[in-house]
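Text of final-v7.csv, listed as CSV, C-alpha atoms:
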chain,number,residue,atom,x,y,z
K,1,MET,CA,0.0,0.0,0.0
K,2,SER,CA,1.4,3.4,-0.9
K,3,LEU,CA,1.9,6.1,1.6
K,4,LEU,CA,-0.7,8.3,-0.1
K,5,SER,CA,-3.4,5.7,0.0
K,6,GLU,CA,-2.6,4.9,3.6
K,7,PHE,CA,-2.9,8.6,4.4
K,8,MET,CA,-6.2,8.9,2.7
K,9,GLN,CA,-7.6,5.8,4.4
K,10,LYS,CA,-6.5,7.1,7.8
K,11,GLU,CA,-8.1,10.5,7.0
K,12,GLN,CA,-11.4,8.8,6.1
K,13,GLN,CA,-11.3,6.8,9.4
K,14,LEU,CA,-10.6,10.0,11.3
K,15,LYS,CA,-13.6,11.6,9.7
K,16,GLN,CA,-15.8,8.6,10.7
K,17,LEU,CA,-14.5,8.7,14.3
K,18,GLN,CA,-15.1,12.5,14.5
K,19,ALA,CA,-18.7,12.0,13.3
K,20,GLU,CA,-19.2,9.2,15.9
K,21,MET,CA,-17.8,11.5,18.6
K,22,ASP,CA,-20.1,14.4,17.6
K,23,ARG,CA,-23.1,12.0,17.7
K,24,LEU,CA,-22.1,10.8,21.2
K,25,GLN,CA,-21.5,14.3,22.5
K,26,ASN,CA,-25.1,15.2,21.5
K,27,ASP,CA,-26.6,12.1,23.1
K,28,ASP,CA,-28.7,12.9,26.2
K,29,ARG,CA,-28.0,9.5,27.8
K,30,LEU,CA,-24.2,10.2,27.6
K,31,LYS,CA,-24.7,13.6,29.2
K,32,ALA,CA,-26.8,12.1,32.0
K,33,GLU,CA,-24.1,9.4,32.7
K,34,LEU,CA,-21.3,12.0,32.7
K,35,ALA,CA,-23.3,14.2,35.1
K,36,PHE,CA,-23.9,11.1,37.4
K,37,LYS,CA,-20.2,10.2,37.3
K,38,ASP,CA,-19.2,13.8,38.2
K,39,LYS,CA,-21.7,13.9,41.1
K,40,LEU,CA,-20.6,10.5,42.4
K,41,GLU,CA,-16.9,11.4,42.3
K,42,ALA,CA,-17.6,14.7,44.1
K,43,LEU,CA,-19.6,12.8,46.8
K,44,MET,CA,-16.8,10.2,47.1
K,45,ARG,CA,-14.2,13.0,47.6
K,46,GLU,CA,-16.5,14.7,50.2
K,47,PHE,CA,-16.7,11.6,52.3
K,48,ASN,CA,-13.1,10.5,51.5
K,49,LYS,CA,-14.3,7.1,50.0
K,50,SER,CA,-12.7,5.1,47.2
K,51,SER,CA,-14.4,3.2,44.4
K,52,ALA,CA,-13.7,-0.1,46.3
K,53,ASP,CA,-15.5,1.4,49.4
K,54,VAL,CA,-18.5,2.3,47.4
K,55,ILE,CA,-18.7,-1.1,45.7
K,56,SER,CA,-18.3,-3.0,49.0
K,57,LEU,CA,-21.0,-0.8,50.5
K,58,LEU,CA,-23.5,-1.4,47.6
K,59,ASP,CA,-22.7,-5.1,47.2
K,60,PRO,CA,-21.4,-6.6,50.5
K,61,GLN,CA,-21.8,-10.2,49.2
K,62,GLY,CA,-20.0,-9.4,45.9
K,63,SER,CA,-17.0,-11.6,46.3
K,64,LYS,CA,-18.2,-14.1,48.8
K,65,PRO,CA,-20.3,-16.3,46.5
K,66,ALA,CA,-17.4,-16.7,44.1
K,67,ALA,CA,-15.1,-17.6,47.0
K,68,ALA,CA,-17.6,-20.1,48.3
K,69,LYS,CA,-17.8,-21.7,44.9
K,70,ALA,CA,-14.0,-21.8,44.6
K,71,SER,CA,-13.6,-23.4,48.1
K,72,ALA,CA,-16.4,-26.0,47.3
K,73,ALA,CA,-14.7,-26.8,44.0
K,74,ALA,CA,-11.3,-27.1,45.7
K,75,GLY,CA,-12.7,-29.3,48.4
K,76,GLY,CA,-14.0,-31.8,45.9
K,77,GLY,CA,-17.6,-31.8,46.9
K,78,ARG,CA,-20.2,-30.5,49.3
K,79,ARG,CA,-19.2,-28.3,52.2
K,80,LYS,CA,-19.1,-30.0,55.6
K,81,ARG,CA,-22.3,-29.8,57.7
K,82,LYS,CA,-22.3,-28.1,61.0
K,83,LEU,CA,-21.9,-30.2,64.1
K,84,LYS,CA,-25.0,-30.1,66.3
K,85,ILE,CA,-24.7,-31.1,70.0
K,86,TYR,CA,-27.9,-32.2,71.8
K,87,LYS,CA,-28.2,-33.0,75.5
K,88,ASN,CA,-31.1,-35.0,76.9
K,89,PRO,CA,-32.2,-33.2,80.1
K,90,ASN,CA,-33.8,-36.4,81.4
K,91,THR,CA,-30.8,-38.7,81.1
K,92,GLY,CA,-27.9,-36.3,80.7
K,93,GLU,CA,-26.9,-38.2,77.5
K,94,VAL,CA,-25.1,-36.1,74.8
K,95,VAL,CA,-25.4,-36.7,71.1
K,96,GLU,CA,-23.1,-35.0,68.5
K,97,THR,CA,-24.3,-35.2,64.9
K,98,ARG,CA,-23.8,-33.6,61.5
K,99,GLY,CA,-27.1,-34.9,60.1
K,100,GLY,CA,-30.6,-35.7,61.3
K,101,ASN,CA,-30.2,-39.4,60.7
K,102,GLN,CA,-28.4,-40.3,63.9
K,103,LYS,CA,-29.8,-43.4,65.6
K,104,THR,CA,-30.2,-42.0,69.2
K,105,LEU,CA,-31.5,-38.6,68.0
K,106,LYS,CA,-34.1,-40.4,65.9
K,107,ALA,CA,-35.2,-42.5,68.9
K,108,TRP,CA,-35.5,-39.3,71.0
K,109,LYS,CA,-37.6,-37.6,68.3
K,110,ASP,CA,-39.9,-40.6,68.1
K,111,GLU,CA,-40.3,-40.7,71.9
K,112,HIS,CA,-40.5,-37.0,72.8
K,113,GLY,CA,-41.3,-35.3,69.5
K,114,SER,CA,-39.1,-33.3,67.1
K,115,ASP,CA,-39.8,-29.9,68.5
K,116,LYS,CA,-39.0,-31.0,72.0
K,117,VAL,CA,-35.7,-32.6,71.0
K,118,GLU,CA,-34.7,-29.5,68.9
K,119,SER,CA,-35.1,-27.5,72.1
K,120,TRP,CA,-32.4,-29.7,73.6
K,121,LEU,CA,-29.8,-28.3,71.2
K,122,VAL,CA,-26.8,-27.2,73.2
K,123,ARG,CA,-24.6,-25.6,70.6
K,124,VAL,CA,-23.7,-25.6,66.9
K,125,GLU,CA,-20.1,-25.8,65.7
K,126,GLU,CA,-18.5,-25.4,62.3

Entire entry expressed as structure tokens:
Amino acid sequence: MSLLSEFMQKEQQLKQLQAEMDRLQNDDRLKAELAFKDKLEALMREFNKSSADVISLLDPQGSKPAAAKASAAAGGGRRKRKLKIYKNPNTGEVVETRGGNQKTLKAWKDEHGSDKVESWLVRVEE
């Protein structure tokens, strides 16, 4: 390609870009977004806040779901259930379980009722 044809092509591209810039500068949506950005930046300066502060304020759970998915994928399966510790007030017997299918706990629920046994919950651990 000759230098002259390259120059003419670049000149044509420049004219197209200038036309697009003119169109965007007259767009009311762009004007509204620029005004919002200016007001937001002024407000951030007034309260001495950074972009990261604003993002964490508006979306406090933003990175947590991604981290939870990553840890679940890294662990190779489901996350571990919480350990529940029950103490029978009648016998003093203690049951530690990570699921509701524990033999003694099921017997207690059959005998005393599920709501009553759930009231015997002493603590929950990770």

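Of the residues listed (K:Ala107, K:Leu58, K:Ile85, K:Val94), K:Ile85 shows the shortest atom-to-atom separation from Leu121 of chain K; distances use all atoms listed in the file.
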
* Asked: Quick one, how far is atom CA of Lys80 of chain K from atom CA of Gln61 of chain K?
  ->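 Atom CA of Lys80 of chain K sits 21.0 Å away from atom CA of Gln61 of chain K.
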
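The space between atom CA of Leu40 of chain K and atom CA of Ile55 of chain K spans 12.2 Å.
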
* Asked: If you measure from atom CA of Lys82 of chain K to atom CA of Val124 of chain K, what distance in Å do you get, rounded to one decimal?
  ->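 Taking atom CA of Lys82 of chain K and atom CA of Val124 of chain K, their separation equals 6.6 Å.
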
Reconstructed segment 22-33 of chain K, atom set N, CA and C atoms, as a PDB file, in the frame of the given file:
ATOM      1  N   ASP K  22     -19.087  13.311  17.579  1.00  0.00           N
ATOM      2  CA  ASP K  22     -20.100  14.400  17.600  1.00  0.00           C
ATOM      3  C   ASP K  22     -21.470  13.821  17.939  1.00  0.00           C
ATOM      4  N   ARG K  23     -21.800  12.635  17.382  1.00  0.00           N
ATOM      5  CA  ARG K  23     -23.100  12.000  17.700  1.00  0.00           C
ATOM      6  C   ARG K  23     -23.184  11.670  19.179  1.00  0.00           C
ATOM      7  N   LEU K  24     -22.113  11.123  19.749  1.00  0.00           N
ATOM      8  CA  LEU K  24     -22.100  10.800  21.200  1.00  0.00           C
ATOM      9  C   LEU K  24     -22.189  11.998  22.069  1.00  0.00           C
ATOM     10  N   GLN K  25     -21.498  13.062  21.697  1.00  0.00           N
ATOM     11  CA  GLN K  25     -21.500  14.300  22.500  1.00  0.00           C
ATOM     12  C   GLN K  25     -22.886  14.917  22.564  1.00  0.00           C
ATOM     13  N   ASN K  26     -23.705  14.668  21.577  1.00  0.00           N
ATOM     14  CA  ASN K  26     -25.100  15.200  21.500  1.00  0.00           C
ATOM     15  C   ASN K  26     -26.093  14.268  22.127  1.00  0.00           C
ATOM     16  N   ASP K  27     -25.678  13.115  22.563  1.00  0.00           N
ATOM     17  CA  ASP K  27     -26.600  12.100  23.100  1.00  0.00           C
ATOM     18  C   ASP K  27     -26.934  12.462  24.571  1.00  0.00           C
ATOM     19  N   ASP K  28     -28.234  12.565  24.861  1.00  0.00           N
ATOM     20  CA  ASP K  28     -28.700  12.900  26.200  1.00  0.00           C
ATOM     21  C   ASP K  28     -28.322  11.860  27.238  1.00  0.00           C
ATOM     22  N   ARG K  29     -28.317  10.604  26.820  1.00  0.00           N
ATOM     23  CA  ARG K  29     -28.000   9.500  27.800  1.00  0.00           C
ATOM     24  C   ARG K  29     -26.521   9.659  28.224  1.00  0.00           C
ATOM     25  N   LEU K  30     -25.620   9.981  27.283  1.00  0.00           N
ATOM     26  CA  LEU K  30     -24.200  10.200  27.600  1.00  0.00           C
ATOM     27  C   LEU K  30     -24.076  11.358  28.596  1.00  0.00           C
ATOM     28  N   LYS K  31     -24.791  12.431  28.299  1.00  0.00           N
ATOM     29  CA  LYS K  31     -24.700  13.600  29.200  1.00  0.00           C
ATOM     30  C   LYS K  31     -25.194  13.271  30.571  1.00  0.00           C
ATOM     31  N   ALA K  32     -26.262  12.480  30.686  1.00  0.00           N
ATOM     32  CA  ALA K  32     -26.800  12.100  32.000  1.00  0.00           C
ATOM     33  C   ALA K  32     -25.765  11.211  32.740  1.00  0.00           C
ATOM     34  N   GLU K  33     -25.139  10.279  32.032  1.00  0.00           N
ATOM     35  CA  GLU K  33     -24.100   9.400  32.700  1.00  0.00           C
ATOM     36  C   GLU K  33     -22.915  10.180  33.116  1.00  0.00           C
TER      37      GLU K  33
END
